[in-house]
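Undergrad: Sharing data.csv below, CSV, C-alpha atoms and all ligand atoms:
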```
chain,number,residue,atom,x,y,z
A,1,MET,CA,0.0,0.0,0.0
A,2,GLU,CA,1.2,3.5,-0.8
A,3,THR,CA,2.4,5.5,2.3
A,4,LEU,CA,0.7,8.8,2.7
A,5,PRO,CA,3.0,11.8,3.6
A,6,SER,CA,2.9,12.8,7.3
A,7,LEU,CA,0.8,15.8,8.1
A,8,ASP,CA,2.8,16.6,11.3
A,9,PRO,CA,4.3,20.1,11.5
A,10,ALA,CA,7.9,20.2,10.4
A,11,PRO,CA,10.1,18.9,13.3
A,12,ASN,CA,12.1,22.2,13.0
A,13,GLN,CA,9.0,24.2,13.6
A,14,ARG,CA,8.1,22.1,16.6
A,15,ASP,CA,11.5,22.5,18.1
A,16,ALA,CA,11.5,26.3,17.4
A,17,THR,CA,8.2,26.6,19.3
A,18,LEU,CA,9.5,24.5,22.2
A,19,LEU,CA,12.6,26.6,22.4
A,20,CYS,CA,10.9,30.0,22.3
A,21,THR,CA,8.1,29.0,24.8
A,22,SER,CA,10.9,27.9,27.2
A,23,CYS,CA,12.9,31.0,26.7
A,24,GLY,CA,11.4,34.5,26.3
A,25,ILE,CA,14.8,36.1,26.7
A,26,CYS,CA,14.2,38.5,23.8
A,27,CYS,CA,11.1,40.0,25.5
A,28,ALA,CA,12.7,40.3,29.0
A,29,GLY,CA,14.8,43.5,28.4
A,30,ASP,CA,18.3,42.1,28.9
A,31,LEU,CA,19.0,41.0,25.3
A,32,HIS,CA,17.4,44.1,23.8
A,33,GLY,CA,16.1,47.3,25.4
A,34,ALA,CA,13.3,48.1,22.9
A,35,ALA,CA,11.7,46.8,19.7
A,36,VAL,CA,10.5,48.7,16.7
A,37,LEU,CA,6.8,49.3,15.9
A,38,ASP,CA,5.2,50.2,12.6
A,39,SER,CA,3.2,53.5,12.8
A,40,ASP,CA,-0.1,51.8,12.4
A,41,GLU,CA,0.6,49.5,15.4
A,42,VAL,CA,0.7,52.3,18.0
A,43,PRO,CA,-2.9,52.2,19.0
A,44,VAL,CA,-2.8,48.4,19.5
A,45,ALA,CA,0.5,48.6,21.3
A,46,GLU,CA,-0.9,51.2,23.7
A,47,ARG,CA,-4.0,49.1,24.3
A,48,LEU,CA,-1.8,46.1,25.1
A,49,GLY,CA,0.0,48.3,27.8
A,50,LEU,CA,3.3,48.6,25.9
A,51,THR,CA,5.3,51.7,26.6
A,52,VAL,CA,5.7,53.4,23.2
A,53,ARG,CA,8.4,56.0,22.5
A,54,SER,CA,9.6,57.8,19.4
A,55,ASP,CA,13.2,58.7,19.0
A,56,GLY,CA,13.4,59.0,15.3
A,57,GLU,CA,12.0,55.5,15.2
A,58,LEU,CA,8.8,54.2,16.9
A,59,ARG,CA,9.7,51.6,19.6
A,60,PHE,CA,8.2,49.9,22.6
A,61,GLU,CA,10.2,49.4,25.7
A,62,LEU,CA,11.4,46.1,27.0
A,63,PRO,CA,11.1,44.3,29.3
A,64,CYS,CA,7.6,43.8,27.9
A,65,PRO,CA,4.8,43.9,30.5
A,66,ARG,CA,3.0,41.2,28.5
A,67,LEU,CA,5.6,38.6,29.1
A,68,SER,CA,4.6,36.1,31.8
A,69,GLY,CA,7.4,33.7,32.8
A,70,SER,CA,8.8,32.7,29.4
A,71,GLN,CA,5.6,33.2,27.4
A,72,CYS,CA,3.7,36.0,25.6
A,73,THR,CA,0.3,36.6,27.0
A,74,VAL,CA,-0.9,38.5,23.9
A,75,TYR,CA,0.5,36.2,21.3
A,76,PRO,CA,-2.3,36.6,18.7
A,77,ASP,CA,-2.1,40.4,19.0
A,78,ARG,CA,1.7,40.8,19.4
A,79,PRO,CA,3.5,43.5,17.3
A,80,ARG,CA,4.8,42.4,13.9
A,81,VAL,CA,8.4,42.7,15.0
A,82,CYS,CA,7.7,40.0,17.7
A,83,SER,CA,6.5,37.5,15.1
A,84,ARG,CA,9.4,38.4,12.7
A,85,TYR,CA,12.2,38.3,15.2
A,86,LYS,CA,14.6,35.3,15.3
A,87,CYS,CA,17.6,35.5,17.5
A,88,VAL,CA,20.8,33.8,16.4
A,89,LEU,CA,20.2,30.8,18.5
A,90,LEU,CA,16.8,30.2,16.9
A,91,GLN,CA,18.2,30.7,13.5
A,92,ASN,CA,20.9,28.1,14.2
A,93,LEU,CA,18.2,25.7,15.5
A,94,GLU,CA,16.1,26.1,12.4
A,95,ALA,CA,19.2,25.7,10.2
A,96,GLY,CA,20.0,22.4,11.9
A,97,ASN,CA,23.3,23.8,13.3
A,98,ILE,CA,22.3,23.0,16.8
A,99,ALA,CA,20.0,20.4,18.4
A,100,LEU,CA,17.1,21.4,20.6
A,101,GLU,CA,18.9,20.1,23.8
A,102,GLY,CA,21.9,22.3,23.1
A,103,ALA,CA,19.8,25.3,22.4
A,104,LEU,CA,17.8,24.8,25.6
A,105,HIS,CA,21.1,24.5,27.5
A,106,HIS,CA,22.2,27.9,26.2
A,107,VAL,CA,18.8,29.4,27.3
A,108,ALA,CA,19.3,27.9,30.8
A,109,VAL,CA,22.8,29.2,31.1
A,110,ALA,CA,21.9,32.7,29.9
A,111,LYS,CA,19.0,32.9,32.4
A,112,GLN,CA,21.4,31.8,35.2
A,113,LEU,CA,23.9,34.5,34.2
A,114,VAL,CA,21.2,37.2,34.2
A,115,ALA,CA,19.8,36.0,37.5
A,116,ARG,CA,23.2,36.1,39.1
A,117,ALA,CA,24.0,39.6,37.7
A,118,ARG,CA,20.6,40.9,39.0
A,119,ALA,CA,21.2,39.3,42.4
A,120,ASP,CA,24.6,41.1,42.8
A,121,ALA,CA,23.1,44.6,43.1
A,122,PRO,CA,25.0,46.5,45.8
A,123,GLY,CA,23.1,47.0,49.0
A,124,GLU,CA,23.3,49.2,52.1
A,125,SER,CA,26.9,48.3,53.3
A,126,GLU,CA,30.3,49.8,53.8
A,127,GLN,CA,31.8,51.9,50.9
A,128,SER,CA,34.5,49.3,50.2
A,129,GLU,CA,31.9,46.5,50.1
A,130,ARG,CA,29.7,48.5,47.8
A,131,ASP,CA,32.7,49.1,45.5
A,132,LEU,CA,33.4,45.4,45.4
A,133,ALA,CA,29.8,44.6,44.8
A,134,LEU,CA,29.6,47.2,42.0
A,135,MET,CA,32.7,45.7,40.4
A,136,ASN,CA,31.3,42.2,40.7
A,137,ARG,CA,28.1,43.3,39.1
A,138,LYS,CA,29.9,44.9,36.2
A,139,LEU,CA,31.7,41.6,35.7
A,140,GLN,CA,28.5,39.6,35.9
A,141,TRP,CA,26.8,41.9,33.3
A,142,ALA,CA,29.9,41.6,31.1
A,143,ALA,CA,29.5,37.8,31.2
A,144,VAL,CA,25.8,38.2,30.2
A,145,ARG,CA,26.7,40.4,27.3
A,146,HIS,CA,29.4,38.0,26.2
A,147,TYR,CA,27.1,35.0,26.3
A,148,PHE,CA,24.3,36.9,24.4
A,149,ASP,CA,26.8,38.1,21.7
A,150,LYS,CA,28.1,34.6,21.4
A,151,PHE,CA,24.8,32.7,21.1
A,152,PHE,CA,21.8,35.0,20.8
A,153,ARG,CA,22.5,38.2,18.9
A,154,LYS,CA,24.5,39.8,16.3
A,155,PRO,CA,26.5,42.9,17.7
A,156,ALA,CA,23.8,45.4,16.5
A,157,HIS,CA,20.3,44.1,15.5
A,158,PRO,CA,18.6,46.7,13.2
A,159,SER,CA,15.2,46.3,14.9
A,160,HIS,CA,16.2,46.1,18.6
A,161,ASP,CA,18.2,48.2,21.0
A,162,GLN,CA,20.9,46.3,22.8
A,163,GLY,CA,19.7,45.5,26.3
A,164,ALA,CA,22.2,44.1,28.7
A,165,SER,CA,24.7,46.9,27.9
A,166,ALA,CA,22.1,49.4,29.1
A,167,GLU,CA,21.7,47.5,32.3
A,168,THR,CA,25.3,47.7,33.2
A,169,PRO,CA,25.9,50.3,35.9
A,201,LIG,S1,15.7,34.8,22.5
A,201,LIG,FE1,15.6,33.5,20.7
A,201,LIG,S2,15.1,31.5,21.5
A,201,LIG,FE2,14.5,33.0,23.1
A,201,LIG,S3,12.4,33.4,22.7
A,201,LIG,FE3,13.6,35.0,21.6
A,201,LIG,S4,13.8,34.2,19.5
A,201,LIG,FE4,13.1,32.5,20.8
A,202,LIG,S1,4.2,41.4,22.9
A,202,LIG,FE1,4.7,39.3,23.4
A,202,LIG,S2,6.2,38.6,22.0
A,202,LIG,FE2,6.2,40.8,21.9
A,202,LIG,S3,7.8,41.5,23.4
A,202,LIG,FE3,5.8,41.4,24.5
A,202,LIG,S4,5.8,39.3,25.4
A,202,LIG,FE4,7.3,39.4,23.8
```
Is it possible to express this structure as structure tokens?
Ligand code: SF4
Ligand code: SF4

TA:
Amino acid sequence: METLPSLDPAPNQRDATLLCTSCGICCAGDLHGAAVLDSDEVPVAERLGLTVRSDGELRFELPCPRLSGSQCTVYPDRPRVCSRYKCVLLQNLEAGNIALEGALHHVAVAKQLVARARADAPGESEQSERDLALMNRKLQWAAVRHYFDKFFRKPAHPSHDQGASAETP
């Protein structure tokens, strides 16, 4: 008997969805600080609660208030840039250059680095301790930037601000 072709979605597409729904890093404000909007999207973006700004180009600020955990809560209504955007890691997954397990590992490491950098904020302590904490924090954010540049983004993405650099004190 003739074998019918499978109607399953392409494995690459399944893996891409699994990766992004486990990640959300591009919405969280550390990888990029803002994302571009088309002018006709402003009313919808404002209705979604996004903070829109215009500095020569229309953008909404990240972290996005519609991110919950690692997932978008307004997925069907999200701006076009969100549906178009593919970080370098996702592009490599789709191209077959990395397996899903490897890509998920990079997401986990990146999230750990960000969490550590955020946790190292200087508190109310002696000046010398504050100086040390500040230096440590700068090193932690440098590690975040390095990891993002290596696995997630090209040095300057045309549609997004760089994020982690803006976070560095
Ligand atoms: S950073 Fe990349 S892998 Fe993570 S959600 Fe965004 S596009 Fe997907
Ligand atoms: S609208 Fe959704 S996909 Fe776009 S930045 Fe916000 S959480 Fe991410």

Undergrad: Closest to ligand LIG 201 (chain A) among A:Val74, A:Ala34, A:Ala103, A:Val81, using all atoms listed in the file?

TA: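 That would be A:Ala103, the residue with the smallest distance to ligand LIG 201 (chain A).
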
Undergrad: Could you name the residues that touch region 47-61 of chain A at 9 Å or less, counting only C-alpha atoms, but leaving out those on the same chain fewer than 3 positions away, as a ChimeraX atom specification?

TA: /A:29,33-39,42-44,64-66,74,77-78,159-160

Undergrad: Extract, using all atoms listed in the file, all DNA, RNA and protein residues at most 12 Å from Asn12 (chain A), discarding same-chain residues fewer than 5 positions from it, and format them as a list in words.

TA: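 Returned residues: Thr17, Leu18, Leu19, Leu90, Gln91, Asn92, Leu93, Glu94, Ala95, Gly96, Asn97, Ile98, Ala99 and Leu100 of chain A.
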
Undergrad: Could you work out how far CA of His105 (chain A) lies from CA of Met135 (chain A), giving the answer in Å with one decimal?

TA: 27.4 Å

Undergrad: Of the candidates A:Arg14, A:Leu31, A:Ile25, A:Cys82, which shows the shortest atom-to-atom distance to ligand LIG 202 (chain A), using only C-alpha atoms and all ligand atoms?

TA: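 Closest residue, counting only C-alpha atoms and all ligand atoms: A:Cys82.
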
Undergrad: Find the distance between atom S1 of ligand LIG 202 (chain A) and CA of Ala142 (chain A) and write it in Å to one decimal.

TA: 27.0 Å

Undergrad: What do you get as a PyMOL selection string if you pick all residues at most 10 Å from ligand LIG 201 (chain A), counting only C-alpha atoms and all ligand atoms?

TA: chain A and resi 16-28+31-32+70-72+82-93+103-104+106-107+110+148+151-153

Undergrad: Could you tell me how far CA of Pro79 (chain A) lies from CA of Asp15 (chain A), in Å and to one decimal?

TA: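 Computed distance, CA of Pro79 (chain A) to CA of Asp15 (chain A), equals 22.5 Å.
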
Undergrad: Of the candidates A:Asp30, A:Gln13, A:Thr73, A:Arg137, which shows the shortest atom-to-atom distance to ligand LIG 202 (chain A), using only C-alpha atoms and all ligand atoms?

TA: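 For ligand LIG 202 (chain A), the nearest of the candidates is A:Thr73.
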
Undergrad: Env of Val114 (chain A): 9 Å cut, atoms = only C-alpha atoms, seq-sep filter 6 positions within chain, self excluded. Answer as number ranges by chain.

TA: A: 30, 140-141, 143-144, 164

Undergrad: Could you complete region 17-51 of chain A so that it carries N, CA and C atoms, and give it back as a PDB file, in the frame of the given file?

TA:
```pdb
ATOM      1  N   THR A  17       9.229  26.198  18.336  1.00  0.00           N
ATOM      2  CA  THR A  17       8.200  26.600  19.300  1.00  0.00           C
ATOM      3  C   THR A  17       8.547  26.184  20.703  1.00  0.00           C
ATOM      4  N   LEU A  18       9.075  24.965  20.841  1.00  0.00           N
ATOM      5  CA  LEU A  18       9.500  24.500  22.200  1.00  0.00           C
ATOM      6  C   LEU A  18      10.580  25.404  22.750  1.00  0.00           C
ATOM      7  N   LEU A  19      11.538  25.758  21.894  1.00  0.00           N
ATOM      8  CA  LEU A  19      12.600  26.600  22.400  1.00  0.00           C
ATOM      9  C   LEU A  19      12.112  27.961  22.836  1.00  0.00           C
ATOM     10  N   CYS A  20      11.330  28.628  21.995  1.00  0.00           N
ATOM     11  CA  CYS A  20      10.900  30.000  22.300  1.00  0.00           C
ATOM     12  C   CYS A  20       9.938  30.019  23.504  1.00  0.00           C
ATOM     13  N   THR A  21       9.063  29.012  23.623  1.00  0.00           N
ATOM     14  CA  THR A  21       8.100  29.000  24.800  1.00  0.00           C
ATOM     15  C   THR A  21       8.847  28.670  26.065  1.00  0.00           C
ATOM     16  N   SER A  22      10.073  28.149  25.966  1.00  0.00           N
ATOM     17  CA  SER A  22      10.900  27.900  27.200  1.00  0.00           C
ATOM     18  C   SER A  22      11.811  29.036  27.474  1.00  0.00           C
ATOM     19  N   CYS A  23      11.832  30.031  26.617  1.00  0.00           N
ATOM     20  CA  CYS A  23      12.900  31.000  26.700  1.00  0.00           C
ATOM     21  C   CYS A  23      12.322  32.428  27.051  1.00  0.00           C
ATOM     22  N   GLY A  24      11.883  33.184  26.081  1.00  0.00           N
ATOM     23  CA  GLY A  24      11.400  34.500  26.300  1.00  0.00           C
ATOM     24  C   GLY A  24      12.420  35.571  26.595  1.00  0.00           C
ATOM     25  N   ILE A  25      13.681  35.221  26.389  1.00  0.00           N
ATOM     26  CA  ILE A  25      14.800  36.100  26.700  1.00  0.00           C
ATOM     27  C   ILE A  25      14.692  37.426  25.864  1.00  0.00           C
ATOM     28  N   CYS A  26      14.227  37.311  24.613  1.00  0.00           N
ATOM     29  CA  CYS A  26      14.200  38.500  23.800  1.00  0.00           C
ATOM     30  C   CYS A  26      13.119  39.500  24.186  1.00  0.00           C
ATOM     31  N   CYS A  27      12.199  39.099  25.047  1.00  0.00           N
ATOM     32  CA  CYS A  27      11.100  40.000  25.500  1.00  0.00           C
ATOM     33  C   CYS A  27      11.472  40.574  26.894  1.00  0.00           C
ATOM     34  N   ALA A  28      12.508  40.049  27.547  1.00  0.00           N
ATOM     35  CA  ALA A  28      12.700  40.300  29.000  1.00  0.00           C
ATOM     36  C   ALA A  28      13.583  41.548  29.254  1.00  0.00           C
ATOM     37  N   GLY A  29      14.086  42.226  28.187  1.00  0.00           N
ATOM     38  CA  GLY A  29      14.800  43.500  28.400  1.00  0.00           C
ATOM     39  C   GLY A  29      16.276  43.384  28.590  1.00  0.00           C
ATOM     40  N   ASP A  30      16.824  42.188  28.659  1.00  0.00           N
ATOM     41  CA  ASP A  30      18.300  42.100  28.900  1.00  0.00           C
ATOM     42  C   ASP A  30      19.000  41.880  27.532  1.00  0.00           C
ATOM     43  N   LEU A  31      18.379  41.166  26.606  1.00  0.00           N
ATOM     44  CA  LEU A  31      19.000  41.000  25.300  1.00  0.00           C
ATOM     45  C   LEU A  31      18.837  42.232  24.440  1.00  0.00           C
ATOM     46  N   HIS A  32      17.671  42.859  24.485  1.00  0.00           N
ATOM     47  CA  HIS A  32      17.400  44.100  23.800  1.00  0.00           C
ATOM     48  C   HIS A  32      16.570  45.008  24.693  1.00  0.00           C
ATOM     49  N   GLY A  33      16.780  46.323  24.540  1.00  0.00           N
ATOM     50  CA  GLY A  33      16.100  47.300  25.400  1.00  0.00           C
ATOM     51  C   GLY A  33      14.791  47.796  24.870  1.00  0.00           C
ATOM     52  N   ALA A  34      14.565  47.615  23.565  1.00  0.00           N
ATOM     53  CA  ALA A  34      13.300  48.100  22.900  1.00  0.00           C
ATOM     54  C   ALA A  34      13.190  47.381  21.595  1.00  0.00           C
ATOM     55  N   ALA A  35      11.975  47.458  21.021  1.00  0.00           N
ATOM     56  CA  ALA A  35      11.700  46.800  19.700  1.00  0.00           C
ATOM     57  C   ALA A  35      10.916  47.770  18.854  1.00  0.00           C
ATOM     58  N   VAL A  36      11.164  47.756  17.562  1.00  0.00           N
ATOM     59  CA  VAL A  36      10.500  48.700  16.700  1.00  0.00           C
ATOM     60  C   VAL A  36       9.039  48.360  16.430  1.00  0.00           C
ATOM     61  N   LEU A  37       8.268  49.424  16.207  1.00  0.00           N
ATOM     62  CA  LEU A  37       6.800  49.300  15.900  1.00  0.00           C
ATOM     63  C   LEU A  37       6.627  49.935  14.514  1.00  0.00           C
ATOM     64  N   ASP A  38       5.652  49.446  13.759  1.00  0.00           N
ATOM     65  CA  ASP A  38       5.200  50.200  12.600  1.00  0.00           C
ATOM     66  C   ASP A  38       4.188  51.225  13.076  1.00  0.00           C
ATOM     67  N   SER A  39       4.064  52.345  12.344  1.00  0.00           N
ATOM     68  CA  SER A  39       3.200  53.500  12.800  1.00  0.00           C
ATOM     69  C   SER A  39       1.773  53.045  13.039  1.00  0.00           C
ATOM     70  N   ASP A  40       1.272  52.149  12.194  1.00  0.00           N
ATOM     71  CA  ASP A  40      -0.100  51.800  12.400  1.00  0.00           C
ATOM     72  C   ASP A  40      -0.361  50.832  13.550  1.00  0.00           C
ATOM     73  N   GLU A  41       0.720  50.434  14.213  1.00  0.00           N
ATOM     74  CA  GLU A  41       0.600  49.500  15.400  1.00  0.00           C
ATOM     75  C   GLU A  41       0.491  50.242  16.695  1.00  0.00           C
ATOM     76  N   VAL A  42       0.687  51.567  16.693  1.00  0.00           N
ATOM     77  CA  VAL A  42       0.700  52.300  18.000  1.00  0.00           C
ATOM     78  C   VAL A  42      -0.529  52.143  18.800  1.00  0.00           C
ATOM     79  N   PRO A  43      -1.735  52.335  18.215  1.00  0.00           N
ATOM     80  CA  PRO A  43      -2.900  52.200  19.000  1.00  0.00           C
ATOM     81  C   PRO A  43      -3.047  50.814  19.691  1.00  0.00           C
ATOM     82  N   VAL A  44      -2.761  49.771  18.923  1.00  0.00           N
ATOM     83  CA  VAL A  44      -2.800  48.400  19.500  1.00  0.00           C
ATOM     84  C   VAL A  44      -1.792  48.228  20.561  1.00  0.00           C
ATOM     85  N   ALA A  45      -0.581  48.713  20.299  1.00  0.00           N
ATOM     86  CA  ALA A  45       0.500  48.600  21.300  1.00  0.00           C
ATOM     87  C   ALA A  45       0.121  49.248  22.590  1.00  0.00           C
ATOM     88  N   GLU A  46      -0.470  50.444  22.498  1.00  0.00           N
ATOM     89  CA  GLU A  46      -0.900  51.200  23.700  1.00  0.00           C
ATOM     90  C   GLU A  46      -1.997  50.430  24.437  1.00  0.00           C
ATOM     91  N   ARG A  47      -2.898  49.875  23.659  1.00  0.00           N
ATOM     92  CA  ARG A  47      -4.000  49.100  24.300  1.00  0.00           C
ATOM     93  C   ARG A  47      -3.449  47.865  24.988  1.00  0.00           C
ATOM     94  N   LEU A  48      -2.360  47.323  24.477  1.00  0.00           N
ATOM     95  CA  LEU A  48      -1.800  46.100  25.100  1.00  0.00           C
ATOM     96  C   LEU A  48      -0.945  46.530  26.359  1.00  0.00           C
ATOM     97  N   GLY A  49      -0.786  47.846  26.576  1.00  0.00           N
ATOM     98  CA  GLY A  49       0.000  48.300  27.800  1.00  0.00           C
ATOM     99  C   GLY A  49       1.454  48.441  27.500  1.00  0.00           C
ATOM    100  N   LEU A  50       1.870  48.417  26.231  1.00  0.00           N
ATOM    101  CA  LEU A  50       3.300  48.600  25.900  1.00  0.00           C
ATOM    102  C   LEU A  50       3.649  50.061  26.019  1.00  0.00           C
ATOM    103  N   THR A  51       4.865  50.359  26.462  1.00  0.00           N
ATOM    104  CA  THR A  51       5.300  51.700  26.600  1.00  0.00           C
ATOM    105  C   THR A  51       5.959  52.149  25.253  1.00  0.00           C
TER     106      THR A  51
END
```
